[in-house]
$ cat query.cif   # mmCIF, C-alpha atoms
data_entry
#
loop_
_atom_site.label_atom_id
_atom_site.label_comp_id
_atom_site.auth_asym_id
_atom_site.auth_seq_id
_atom_site.Cartn_x
_atom_site.Cartn_y
_atom_site.Cartn_z
CA MET A 1447 20.52 5.90 10.12
CA SER A 1448 22.58 8.65 8.51
CA ALA A 1449 20.94 11.34 6.38
CA THR A 1450 22.83 10.11 3.29
CA PHE A 1451 21.52 6.58 3.85
CA ILE A 1452 17.95 7.80 4.26
CA TRP A 1453 17.91 10.01 1.15
CA THR A 1454 19.58 7.33 -1.00
CA LEU A 1455 17.00 4.82 0.24
CA PHE A 1456 14.11 7.18 -0.61
CA LEU A 1457 15.53 7.93 -4.06
CA ALA A 1458 15.98 4.21 -4.84
CA ILE A 1459 12.41 3.42 -3.75
CA GLY A 1460 11.01 6.52 -5.47
CA LEU A 1461 12.84 5.98 -8.75
CA GLY A 1462 11.77 2.32 -8.92
CA THR A 1463 8.19 3.27 -8.07
CA VAL A 1464 7.92 5.98 -10.72
CA LEU A 1465 9.37 3.57 -13.32
CA LEU A 1466 6.74 0.97 -12.35
CA ARG A 1467 4.05 3.65 -12.73
CA LEU A 1468 5.41 4.86 -16.07
CA SER A 1469 6.13 1.35 -17.41
CA PHE A 1470 3.24 0.57 -19.76
CA ILE A 1471 2.21 4.20 -20.26
CA TYR A 1472 5.64 4.62 -21.87
CA LEU A 1473 5.88 1.17 -23.48
CA PHE A 1474 2.39 1.22 -25.01
CA GLY A 1475 2.44 -0.25 -28.50
CA LYS A 1476 5.95 -1.66 -27.94
CA ILE A 1477 5.34 -4.32 -25.29
CA GLU A 1478 2.02 -5.75 -24.13
CA MET A 1479 1.60 -6.90 -20.56
CA PRO A 1480 1.29 -10.71 -20.62
CA ASP A 1481 -2.09 -11.96 -19.42
CA TRP A 1482 -0.60 -14.25 -16.73
CA LEU A 1483 1.29 -11.31 -15.22
CA ARG A 1484 -1.79 -9.10 -15.11
CA ARG A 1485 -3.69 -11.88 -13.34
CA ALA A 1486 -0.86 -12.57 -10.88
CA LEU A 1487 -0.50 -8.89 -9.96
CA ARG A 1488 -4.04 -8.87 -8.60
CA PHE A 1489 -2.79 -10.89 -5.62
CA VAL A 1490 0.11 -8.63 -4.65
CA PRO A 1491 -1.62 -6.41 -2.06
CA ALA A 1492 -3.35 -9.28 -0.20
CA ALA A 1493 -0.19 -11.45 -0.06
CA VAL A 1494 2.30 -8.72 0.89
CA LEU A 1495 0.10 -7.00 3.46
CA ALA A 1496 -0.69 -10.31 5.16
CA ALA A 1497 3.03 -11.14 5.20
CA LEU A 1498 3.62 -7.85 7.02
CA VAL A 1499 0.73 -8.29 9.48
CA PHE A 1500 0.97 -11.92 10.65
CA PRO A 1501 4.57 -12.00 12.01
CA ALA A 1502 4.11 -8.58 13.67
CA LEU A 1503 1.45 -10.24 15.83
CA THR A 1504 2.99 -13.70 16.35
CA HIS A 1505 6.58 -12.47 16.90
CA PRO A 1506 6.14 -9.29 19.01
CA ALA A 1507 9.67 -9.48 20.43
CA GLY A 1508 11.32 -11.35 17.55
CA THR A 1509 10.42 -14.86 18.76
CA LEU A 1510 7.23 -16.86 18.26
CA ASP A 1511 4.72 -16.26 21.06
CA ILE A 1512 1.22 -17.68 20.64
CA SER A 1513 -0.16 -17.34 24.15
CA LEU A 1514 -2.52 -15.22 26.20
CA HIS A 1515 0.50 -13.23 27.39
CA ASN A 1516 1.08 -11.91 23.87
CA VAL A 1517 -0.90 -8.66 24.15
CA ARG A 1518 -0.08 -7.65 20.55
CA LEU A 1519 -1.65 -10.85 19.23
CA LEU A 1520 -4.80 -10.32 21.30
CA ALA A 1521 -5.09 -6.61 20.47
CA GLY A 1522 -4.32 -7.44 16.82
CA LEU A 1523 -7.17 -9.94 16.62
CA GLY A 1524 -9.49 -7.24 17.99
CA GLY A 1525 -8.12 -4.81 15.42
CA ALA A 1526 -8.62 -7.40 12.66
CA LEU A 1527 -12.29 -7.63 13.56
CA VAL A 1528 -12.64 -3.85 13.21
CA ALA A 1529 -10.60 -3.86 9.97
CA TRP A 1530 -12.85 -6.58 8.56
CA ARG A 1531 -16.10 -4.80 9.46
CA THR A 1532 -15.08 -1.20 8.66
CA ARG A 1533 -12.03 -1.42 6.34
CA ASN A 1534 -11.23 1.95 7.88
CA ILE A 1535 -7.60 2.64 8.79
CA LEU A 1536 -8.34 5.16 11.58
CA TRP A 1537 -10.94 3.01 13.34
CA THR A 1538 -8.65 -0.02 13.16
CA ILE A 1539 -5.72 1.90 14.66
CA ALA A 1540 -7.91 3.54 17.33
CA VAL A 1541 -9.46 0.28 18.55
CA GLY A 1542 -6.24 -1.77 18.19
CA MET A 1543 -4.12 0.76 20.11
CA ALA A 1544 -6.79 1.15 22.82
CA LEU A 1545 -6.93 -2.65 23.22
CA LEU A 1546 -3.12 -2.81 23.42
CA TRP A 1547 -2.97 -0.20 26.19
CA ILE A 1548 -5.82 -1.81 28.15
CA LEU A 1549 -4.31 -5.30 27.86
CA GLN A 1550 -0.84 -4.06 28.85
CA PHE A 1551 -2.43 -2.48 31.91
CA VAL A 1552 -4.54 -5.53 32.85
CA LEU A 1553 -2.16 -8.42 32.07
CA MET B 86 -3.09 27.06 -19.53
CA GLN B 87 -6.81 26.53 -20.07
CA PHE B 88 -8.29 23.82 -17.87
CA HIS B 89 -10.92 21.64 -19.49
CA LYS B 90 -14.22 21.29 -17.59
CA ASP B 91 -13.57 17.56 -17.11
CA PHE B 92 -10.51 18.45 -15.01
CA PHE B 93 -12.97 19.84 -12.46
CA ALA B 94 -15.30 16.86 -12.88
CA GLY B 95 -12.40 14.56 -11.96
CA ALA B 96 -11.44 16.76 -9.02
CA ARG B 97 -15.06 16.82 -7.78
CA ASP B 98 -15.49 13.04 -8.04
CA THR B 99 -12.63 12.47 -5.58
CA THR B 100 -14.70 13.92 -2.70
CA PRO B 101 -15.94 10.63 -1.20
CA ILE B 102 -12.49 9.03 -1.66
CA LEU B 103 -10.74 11.84 0.21
CA LEU B 104 -12.35 10.60 3.44
CA GLY B 105 -10.00 7.62 3.12
CA VAL B 106 -7.00 9.50 1.71
CA VAL B 107 -6.76 12.08 4.53
CA PRO B 108 -6.46 9.66 7.50
CA PHE B 109 -4.13 7.34 5.55
CA ALA B 110 -1.78 10.24 4.76
CA LEU B 111 -1.99 11.57 8.32
CA VAL B 112 -1.03 8.13 9.67
CA SER B 113 1.89 7.90 7.22
CA GLY B 114 3.18 11.27 8.43
CA VAL B 115 2.89 10.41 12.13
CA ALA B 116 4.45 6.97 11.47
CA ALA B 117 7.50 8.50 9.75
CA ILE B 118 8.27 10.55 12.85
CA SER B 119 7.70 7.57 15.16
CA VAL B 120 10.55 5.64 13.51
CA GLY B 121 12.95 8.55 14.01
CA LEU B 122 12.77 10.49 10.74
CA THR B 123 12.83 14.28 10.89
CA PRO B 124 9.74 16.14 9.58
CA PHE B 125 11.82 17.26 6.58
CA GLU B 126 12.79 13.65 5.74
CA ALA B 127 9.20 12.48 6.26
CA ILE B 128 7.85 15.14 3.89
CA GLY B 129 10.67 14.49 1.41
CA MET B 130 9.80 10.79 1.29
CA SER B 131 6.13 11.58 0.79
CA PHE B 132 6.99 13.73 -2.25
CA ILE B 133 9.60 11.34 -3.69
CA VAL B 134 7.71 8.06 -3.21
CA PHE B 135 4.03 9.08 -2.90
CA ALA B 136 2.81 5.52 -2.25
CA GLY B 137 1.43 5.12 1.27
CA ALA B 138 1.37 1.35 1.76
CA SER B 139 5.01 1.00 0.66
CA GLN B 140 6.05 3.93 2.86
CA LEU B 141 4.40 2.33 5.92
CA ALA B 142 6.07 -1.00 5.10
CA VAL B 143 9.47 0.73 5.00
CA PHE B 144 8.78 2.35 8.38
CA GLN B 145 7.91 -1.02 9.92
CA LEU B 146 11.12 -2.50 8.48
CA MET B 147 13.12 0.49 9.79
CA SER B 148 11.66 -0.02 13.27
CA VAL B 149 13.01 -3.61 13.37
CA GLY B 150 16.35 -2.66 11.80
CA SER B 151 16.03 -4.46 8.45
CA PRO B 152 18.80 -4.13 5.85
CA TRP B 153 18.27 -1.53 3.11
CA ILE B 154 17.92 -4.07 0.30
CA ILE B 155 14.89 -5.65 2.01
CA MET B 156 13.31 -2.21 2.44
CA VAL B 157 13.82 -1.41 -1.25
CA LEU B 158 12.62 -4.84 -2.46
CA THR B 159 9.54 -4.80 -0.23
CA ALA B 160 8.56 -1.30 -1.38
CA TRP B 161 8.99 -2.29 -5.04
CA ILE B 162 6.97 -5.49 -4.61
CA ILE B 163 4.12 -3.56 -2.99
CA ASN B 164 4.24 -0.98 -5.80
CA ILE B 165 4.48 -3.48 -8.65
CA ARG B 166 0.67 -3.30 -8.82
CA PHE B 167 1.08 0.11 -10.48
CA THR B 168 2.24 -1.63 -13.69
CA MET B 169 -1.27 -3.10 -13.93
CA TYR B 170 -2.84 0.38 -13.66
CA SER B 171 -0.22 1.73 -16.06
CA ALA B 172 -1.12 -0.87 -18.69
CA THR B 173 -4.85 -0.15 -18.30
CA LEU B 174 -4.51 3.63 -18.55
CA ALA B 175 -1.82 3.60 -21.29
CA PRO B 176 -4.13 3.76 -24.36
CA HIS B 177 -5.75 6.98 -23.06
CA PHE B 178 -2.45 8.83 -22.62
CA GLN B 179 -0.83 8.07 -25.98
CA LYS B 180 -1.24 11.51 -27.55
CA LEU B 181 0.45 13.26 -24.63
CA PRO B 182 4.06 14.48 -24.75
CA LEU B 183 6.52 12.46 -22.67
CA ARG B 184 6.77 15.03 -19.86
CA MET B 185 2.98 14.87 -19.35
CA LYS B 186 3.11 11.06 -19.41
CA ALA B 187 5.83 11.22 -16.75
CA LEU B 188 3.80 13.67 -14.64
CA PHE B 189 0.64 11.54 -14.93
CA ALA B 190 2.64 8.42 -14.04
CA TYR B 191 4.14 10.09 -10.97
CA MET B 192 0.64 11.07 -9.76
CA LEU B 193 -0.81 7.58 -10.27
CA SER B 194 -2.49 6.23 -7.13
CA ASP B 195 -4.92 3.41 -6.35
CA GLN B 196 -7.65 5.97 -5.83
CA ALA B 197 -6.98 8.00 -9.01
CA PHE B 198 -6.99 4.77 -11.03
CA GLY B 199 -10.22 3.56 -9.40
CA ILE B 200 -12.09 6.83 -9.99
CA THR B 201 -10.94 7.15 -13.60
CA MET B 202 -11.81 3.56 -14.52
CA ALA B 203 -15.21 3.84 -12.83
CA ARG B 204 -15.96 6.93 -14.94
CA CYS B 205 -14.66 5.36 -18.17
CA ASN B 206 -17.19 2.55 -17.79
CA THR B 207 -20.21 4.89 -17.82
CA PRO B 208 -21.91 5.97 -21.06
CA ILE B 209 -21.42 9.69 -20.25
CA PRO B 210 -18.53 10.82 -22.49
CA VAL B 211 -15.59 12.40 -20.70
CA GLU B 212 -12.24 13.86 -21.79
CA ARG B 213 -10.21 11.15 -20.06
CA THR B 214 -6.81 12.79 -19.77
CA TRP B 215 -8.29 15.94 -18.20
CA TYR B 216 -10.56 13.88 -15.98
CA TYR B 217 -7.62 11.77 -14.77
CA PHE B 218 -5.47 14.88 -14.27
CA GLY B 219 -8.21 16.44 -12.10
CA ALA B 220 -8.71 13.32 -10.00
CA ALA B 221 -5.03 12.36 -9.61
CA GLY B 222 -3.92 15.95 -9.02
CA THR B 223 -6.53 16.54 -6.32
CA ILE B 224 -5.60 13.32 -4.53
CA TRP B 225 -1.90 14.21 -4.76
CA VAL B 226 -2.41 17.67 -3.24
CA VAL B 227 -4.71 16.43 -0.45
CA TRP B 228 -2.31 13.53 0.28
CA GLN B 229 0.70 15.87 0.61
CA VAL B 230 -1.10 18.43 2.78
CA SER B 231 -2.32 15.64 5.09
CA ALA B 232 1.09 13.92 5.17
CA ILE B 233 2.79 17.21 6.10
CA THR B 234 0.18 17.76 8.83
CA GLY B 235 0.80 14.21 10.08
CA ALA B 236 4.58 14.71 10.13
CA LEU B 237 4.19 17.90 12.19
CA LEU B 238 1.66 16.27 14.55
CA GLY B 239 3.94 13.22 14.84
CA THR B 240 6.51 15.23 16.77
CA LEU B 241 3.88 15.58 19.53
CA VAL B 242 3.36 11.80 19.93
CA PRO B 243 5.57 10.43 22.74
CA PRO B 244 7.50 7.20 21.88
CA SER B 245 6.02 5.50 24.98
CA TRP B 246 2.68 5.19 23.15
CA GLY B 247 4.04 2.20 21.21
CA PHE B 248 2.97 3.71 17.89
CA ASP B 249 4.89 0.99 16.00
CA PHE B 250 1.84 -1.21 16.62
CA ALA B 251 -0.10 1.13 14.32
CA PHE B 252 1.80 -0.40 11.36
CA PRO B 253 0.30 -3.89 11.48
CA LEU B 254 -3.05 -2.31 12.34
CA SER B 255 -2.99 -0.06 9.28
CA PHE B 256 -1.88 -2.98 7.06
CA MET B 257 -4.85 -4.95 8.37
CA ALA B 258 -7.30 -2.29 7.20
CA LEU B 259 -5.61 -2.23 3.77
CA MET B 260 -5.47 -6.03 3.63
CA PHE B 261 -9.17 -6.56 4.29
CA ALA B 262 -9.93 -4.00 1.57
CA ALA B 263 -7.86 -6.16 -0.82
CA LEU B 264 -9.77 -9.39 -0.03
CA ARG B 265 -12.28 -9.61 -2.86
CA ASP B 266 -12.87 -13.34 -3.37
CA ARG B 267 -11.58 -16.79 -2.37
CA PRO B 268 -8.29 -16.65 -4.34
CA THR B 269 -7.33 -13.29 -2.73
CA VAL B 270 -8.17 -14.70 0.73
CA LEU B 271 -5.96 -17.72 -0.03
CA ALA B 272 -3.14 -15.41 -1.21
CA ALA B 273 -3.36 -13.57 2.13
CA LEU B 274 -3.45 -16.77 4.22
CA VAL B 275 -0.48 -18.35 2.42
CA GLY B 276 1.47 -15.07 2.49
CA GLY B 277 0.77 -14.51 6.18
CA LEU B 278 1.44 -18.07 7.37
CA THR B 279 4.63 -18.37 5.31
CA ALA B 280 5.86 -15.11 6.80
CA VAL B 281 5.28 -16.53 10.31
CA LEU B 282 7.07 -19.82 9.51
CA ALA B 283 9.93 -18.10 7.65
CA LYS B 284 10.42 -15.41 10.30
CA GLY B 285 13.77 -16.94 11.26
CA LEU B 286 15.31 -16.48 7.79
CA PRO B 287 18.18 -13.96 7.71
CA TYR B 288 17.78 -10.38 6.42
CA ASN B 289 13.99 -10.54 6.74
CA LEU B 290 13.99 -12.58 3.51
CA GLY B 291 10.90 -14.40 4.80
CA LEU B 292 8.84 -11.37 3.81
CA VAL B 293 9.91 -11.59 0.17
CA LEU B 294 9.47 -15.38 0.09
CA ALA B 295 6.03 -15.14 1.73
CA SER B 296 4.89 -12.47 -0.74
CA LEU B 297 5.91 -14.59 -3.73
CA LEU B 298 4.31 -17.77 -2.35
CA GLY B 299 1.09 -15.90 -1.49
CA ILE B 300 0.85 -14.40 -4.98
CA SER B 301 1.51 -17.84 -6.56
CA ALA B 302 -1.14 -19.49 -4.36
CA GLY B 303 -3.79 -16.96 -5.35
CA TYR B 304 -2.86 -17.21 -9.02
CA LEU B 305 -2.91 -21.04 -9.04
CA ALA B 306 -6.21 -21.16 -7.14
CA GLU B 307 -7.81 -18.85 -9.68
CA ASN B 308 -6.43 -20.92 -12.57
CA PHE B 309 -7.73 -24.09 -10.97
CA ALA B 310 -11.19 -22.56 -10.47
CA ARG B 311 -11.28 -21.46 -14.13
CA GLN B 312 -10.32 -24.88 -15.47
CA HIS B 313 -12.80 -26.54 -13.16
CA LYS B 314 -15.53 -24.27 -14.48
CA GLN B 315 -14.60 -25.09 -18.07
CA VAL B 316 -14.69 -28.83 -17.38
CA ALA B 317 -18.04 -28.52 -15.59
CA ALA B 318 -19.47 -26.52 -18.49
#

$ encode --input "query.cif" --output "structure tokens"
Amino acid sequence: MSATFIWTLFLAIGLGTVLLRLSFIYLFGKIEMPDWLRRALRFVPAAVLAALVFPALTHPAGTLDISLHNVRLLAGLGGALVAWRTRNILWTIAVGMALLWILQFVL
Amino acid sequence: MQFHKDFFAGARDTTPILLGVVPFALVSGVAAISVGLTPFEAIGMSFIVFAGASQLAVFQLMSVGSPWIIMVLTAWIINIRFTMYSATLAPHFQKLPLRMKALFAYMLSDQAFGITMARCNTPIPVERTWYYFGAAGTIWVVWQVSAITGALLGTLVPPSWGFDFAFPLSFMALMFAALRDRPTVLAALVGGLTAVLAKGLPYNLGLVLASLLGISAGYLAENFARQHKQVAA
């Protein structure tokens, strides 16, 4: 990745993000957010984050691998348990990474 | 400039939240280095974007060599939730000049929104713009200091540690925090399973498709539950 590519990418993401943040603060009184949109937006984090998590575990090397040889799937399930109980990002990473290293060593 | 006392009240009320902000920002800094960014680029992104979940998503997509359009789309989809916060906060910011509106918008974070709305729902009166400024500003400063620290520490992490696995792990922690009720759980299940099934689609388009289907599933489930309740009543 060239430096120009990276900075253009960051500016595109950053500009879009600040416009999303400014949107209704700026448009107040001009456009109301439709009720259906407000209710749909509630589901964005759960849907997108799950869509990022699931394939990272089931396709560790780009192809589907649901077996006991898939250490990322096994370590990920352990991490999911910690994420569920603690909702803490550091604990989840610590336990998940430790499981990954142990499983890579054992299997 | 004279700072109103509620600026400090907002800043003070972030204390418990900072316990979550610091590690998240540290992880984002380390992660940026692990995908090959320089510390300067990592810090630049943190200042330009200032939205951790979307930054981590971009790093994961960089690590698997996704095209730029998917990185941009994914980041925007993750950050589209800010329009909801923007609409909720808008009435309180109307008397501000545009440059202050722009500054407040740039500083908007999940945590600043959460703290401000929690305080607005108590009977104790508070000067909301100052309170928000104090909370959002504190979170912004602490985020940036932690992200810079993470970027500098990241250069010490050897690539052999397989740090790319920290991305799905960090998304897991964020995902479980977003599961509030049955419709959100359904949104996650549909989003996740679709992403697995659509993994073969070109340009990582499966991610965008899965996100849209997951959001639709949650929305429809909630609608169905509402109508069912009305019929039962």

$ closest_residue --input "query.cif" --among "B:Asp195, B:Glu126, B:Asp91, B:Asp98" --to "chain A" --atoms "all atoms listed in the file"
B:Glu126

$ residues_near_point --input "query.cif" --point "(-5.0, 18.2, -4.5)" --cutoff "12 Å" --atoms "all atoms listed in the file" --output "ChimeraX atom specification"
/B:92-93,95-97,99-100,103,106-107,192,197,218-231

$ resolve_selection --input "query.cif" --expression "the PyMOL selection byres ((chain B) within 6 of (chain A))" --output "ChimeraX atom specification"
/B:130,133-134,157,166-168,171-172,175,190-191,251,253-256,258,260-263,269,272-273,276-277,280-281,292,296,299-300,304

$ resolve_selection --input "query.cif" --expression "the PyMOL selection byres ((chain B and resi 117) around 10)" --output "ChimeraX atom specification"
/B:112-116,118-124,126-128,130-131,140-141,143-145,147,232,235-236,239-240

$ atom_distance --input "query.cif" --atom1 "CA of Pro108 (chain B)" --atom2 "CA of Leu193 (chain B)"
18.8 Å

$ closest_residue --input "query.cif" --among "B:Ile233, B:Met169, B:Leu298, B:Leu183" --to "Asp1481 (chain A)" --atoms "all atoms listed in the file"
B:Met169

$ atom_distance --input "query.cif" --atom1 "CA of Gly303 (chain B)" --atom2 "CA of Ile154 (chain B)"
25.9 Å

$ atom_distance --input "query.cif" --atom1 "CA of Glu212 (chain B)" --atom2 "CA of Tyr170 (chain B)"
18.3 Å

$ residues_around --input "query.cif" --residues "Leu146 (chain B)" --least-positions-apart "6" --cutoff "10 Å" --atoms "only C-alpha atoms" --output "list of chain:residue names"
A:Leu1498, B:Val120, B:Gln140, B:Pro152, B:Trp153, B:Ile155, B:Met156, B:Thr159, B:Phe252, B:Asn289

$ decode --input "query.cif" --residues "region 204-309 of chain B" --atoms "C-alpha atoms" --output "mmCIF file, in the first residue's frame"
data_model
loop_
_atom_site.group_PDB
_atom_site.id
_atom_site.type_symbol
_atom_site.label_atom_id
_atom_site.label_comp_id
_atom_site.auth_asym_id
_atom_site.auth_seq_id
_atom_site.Cartn_x
_atom_site.Cartn_y
_atom_site.Cartn_z
ATOM 1 C CA ARG B 204 -27.443 12.688 32.346
ATOM 2 C CA CYS B 205 -30.235 14.322 30.313
ATOM 3 C CA ASN B 206 -32.690 11.780 31.704
ATOM 4 C CA THR B 207 -32.079 12.758 35.348
ATOM 5 C CA PRO B 208 -34.027 15.548 37.052
ATOM 6 C CA ILE B 209 -30.814 17.429 37.995
ATOM 7 C CA PRO B 210 -30.612 20.343 35.524
ATOM 8 C CA VAL B 211 -27.425 20.564 33.493
ATOM 9 C CA GLU B 212 -26.096 22.915 30.803
ATOM 10 C CA ARG B 213 -26.146 20.258 28.093
ATOM 11 C CA THR B 214 -23.770 21.720 25.528
ATOM 12 C CA TRP B 215 -21.055 22.298 28.156
ATOM 13 C CA TYR B 216 -21.704 18.909 29.706
ATOM 14 C CA TYR B 217 -21.403 17.188 26.317
ATOM 15 C CA PHE B 218 -18.276 19.205 25.469
ATOM 16 C CA GLY B 219 -16.649 18.094 28.742
ATOM 17 C CA ALA B 220 -17.532 14.434 28.265
ATOM 18 C CA ALA B 221 -16.768 14.192 24.529
ATOM 19 C CA GLY B 222 -13.585 16.266 24.819
ATOM 20 C CA THR B 223 -12.219 14.155 27.671
ATOM 21 C CA ILE B 224 -12.932 10.925 25.803
ATOM 22 C CA TRP B 225 -11.300 12.340 22.655
ATOM 23 C CA VAL B 226 -8.110 13.333 24.491
ATOM 24 C CA VAL B 227 -7.839 10.044 26.403
ATOM 25 C CA TRP B 228 -8.554 8.077 23.194
ATOM 26 C CA GLN B 229 -5.805 9.880 21.248
ATOM 27 C CA VAL B 230 -3.195 9.580 24.014
ATOM 28 C CA SER B 231 -3.950 5.844 24.342
ATOM 29 C CA ALA B 232 -3.984 5.298 20.559
ATOM 30 C CA ILE B 233 -0.590 7.029 20.225
ATOM 31 C CA THR B 234 0.763 4.872 23.061
ATOM 32 C CA GLY B 235 -0.619 1.779 21.324
ATOM 33 C CA ALA B 236 0.943 2.751 17.989
ATOM 34 C CA LEU B 237 4.350 3.195 19.646
ATOM 35 C CA LEU B 238 4.010 -0.066 21.607
ATOM 36 C CA GLY B 239 2.856 -1.832 18.427
ATOM 37 C CA THR B 240 6.309 -1.510 16.902
ATOM 38 C CA LEU B 241 7.542 -3.825 19.692
ATOM 39 C CA VAL B 242 5.071 -6.639 18.857
ATOM 40 C CA PRO B 243 6.704 -9.217 16.538
ATOM 41 C CA PRO B 244 4.555 -10.292 13.524
ATOM 42 C CA SER B 245 4.982 -13.964 14.539
ATOM 43 C CA TRP B 246 2.502 -13.408 17.390
ATOM 44 C CA GLY B 247 -0.382 -13.627 14.914
ATOM 45 C CA PHE B 248 -1.895 -10.386 16.180
ATOM 46 C CA ASP B 249 -4.383 -10.369 13.272
ATOM 47 C CA PHE B 250 -6.436 -12.801 15.382
ATOM 48 C CA ALA B 251 -6.983 -9.940 17.837
ATOM 49 C CA PHE B 252 -9.376 -8.367 15.286
ATOM 50 C CA PRO B 253 -12.149 -10.972 15.443
ATOM 51 C CA LEU B 254 -11.564 -11.208 19.197
ATOM 52 C CA SER B 255 -12.047 -7.479 19.703
ATOM 53 C CA PHE B 256 -15.143 -7.490 17.448
ATOM 54 C CA MET B 257 -16.549 -10.275 19.623
ATOM 55 C CA ALA B 258 -16.302 -8.141 22.758
ATOM 56 C CA LEU B 259 -17.994 -5.240 20.931
ATOM 57 C CA MET B 260 -20.623 -7.549 19.434
ATOM 58 C CA PHE B 261 -21.713 -9.058 22.739
ATOM 59 C CA ALA B 262 -22.019 -5.527 24.143
ATOM 60 C CA ALA B 263 -24.419 -4.756 21.259
ATOM 61 C CA LEU B 264 -26.687 -7.763 21.951
ATOM 62 C CA ARG B 265 -29.510 -6.255 23.981
ATOM 63 C CA ASP B 266 -32.569 -8.376 23.164
ATOM 64 C CA ARG B 267 -33.839 -11.092 20.809
ATOM 65 C CA PRO B 268 -34.004 -8.939 17.642
ATOM 66 C CA THR B 269 -30.359 -7.813 18.077
ATOM 67 C CA VAL B 270 -29.285 -11.447 18.624
ATOM 68 C CA LEU B 271 -31.142 -12.411 15.441
ATOM 69 C CA ALA B 272 -29.464 -9.544 13.541
ATOM 70 C CA ALA B 273 -26.071 -10.884 14.663
ATOM 71 C CA LEU B 274 -26.889 -14.510 13.773
ATOM 72 C CA VAL B 275 -28.218 -13.645 10.306
ATOM 73 C CA GLY B 276 -25.323 -11.233 9.662
ATOM 74 C CA GLY B 277 -22.723 -13.755 10.808
ATOM 75 C CA LEU B 278 -24.132 -16.805 9.013
ATOM 76 C CA THR B 279 -24.698 -14.877 5.768
ATOM 77 C CA ALA B 280 -21.105 -13.673 5.908
ATOM 78 C CA VAL B 281 -19.934 -17.307 6.214
ATOM 79 C CA LEU B 282 -22.125 -18.492 3.315
ATOM 80 C CA ALA B 283 -21.283 -15.489 1.118
ATOM 81 C CA LYS B 284 -17.545 -15.644 1.833
ATOM 82 C CA GLY B 285 -16.895 -16.732 -1.764
ATOM 83 C CA LEU B 286 -18.384 -13.569 -3.306
ATOM 84 C CA PRO B 287 -15.827 -11.370 -5.081
ATOM 85 C CA TYR B 288 -14.372 -8.188 -3.534
ATOM 86 C CA ASN B 289 -15.471 -9.216 -0.043
ATOM 87 C CA LEU B 290 -19.000 -8.118 -1.028
ATOM 88 C CA GLY B 291 -20.358 -10.811 1.302
ATOM 89 C CA LEU B 292 -19.601 -8.508 4.229
ATOM 90 C CA VAL B 293 -21.824 -5.737 2.865
ATOM 91 C CA LEU B 294 -24.588 -8.195 1.910
ATOM 92 C CA ALA B 295 -24.426 -9.887 5.336
ATOM 93 C CA SER B 296 -24.615 -6.543 7.151
ATOM 94 C CA LEU B 297 -27.713 -5.486 5.201
ATOM 95 C CA LEU B 298 -29.467 -8.851 5.675
ATOM 96 C CA GLY B 299 -28.640 -8.878 9.404
ATOM 97 C CA ILE B 300 -30.006 -5.357 9.889
ATOM 98 C CA SER B 301 -33.184 -6.267 7.920
ATOM 99 C CA ALA B 302 -33.686 -9.447 9.972
ATOM 100 C CA GLY B 303 -33.466 -7.563 13.267
ATOM 101 C CA TYR B 304 -35.770 -4.827 12.018
ATOM 102 C CA LEU B 305 -38.399 -7.271 10.699
ATOM 103 C CA ALA B 306 -38.269 -9.367 13.881
ATOM 104 C CA GLU B 307 -38.888 -6.286 15.991
ATOM 105 C CA ASN B 308 -41.771 -5.210 13.741
ATOM 106 C CA PHE B 309 -43.276 -8.677 13.941
#
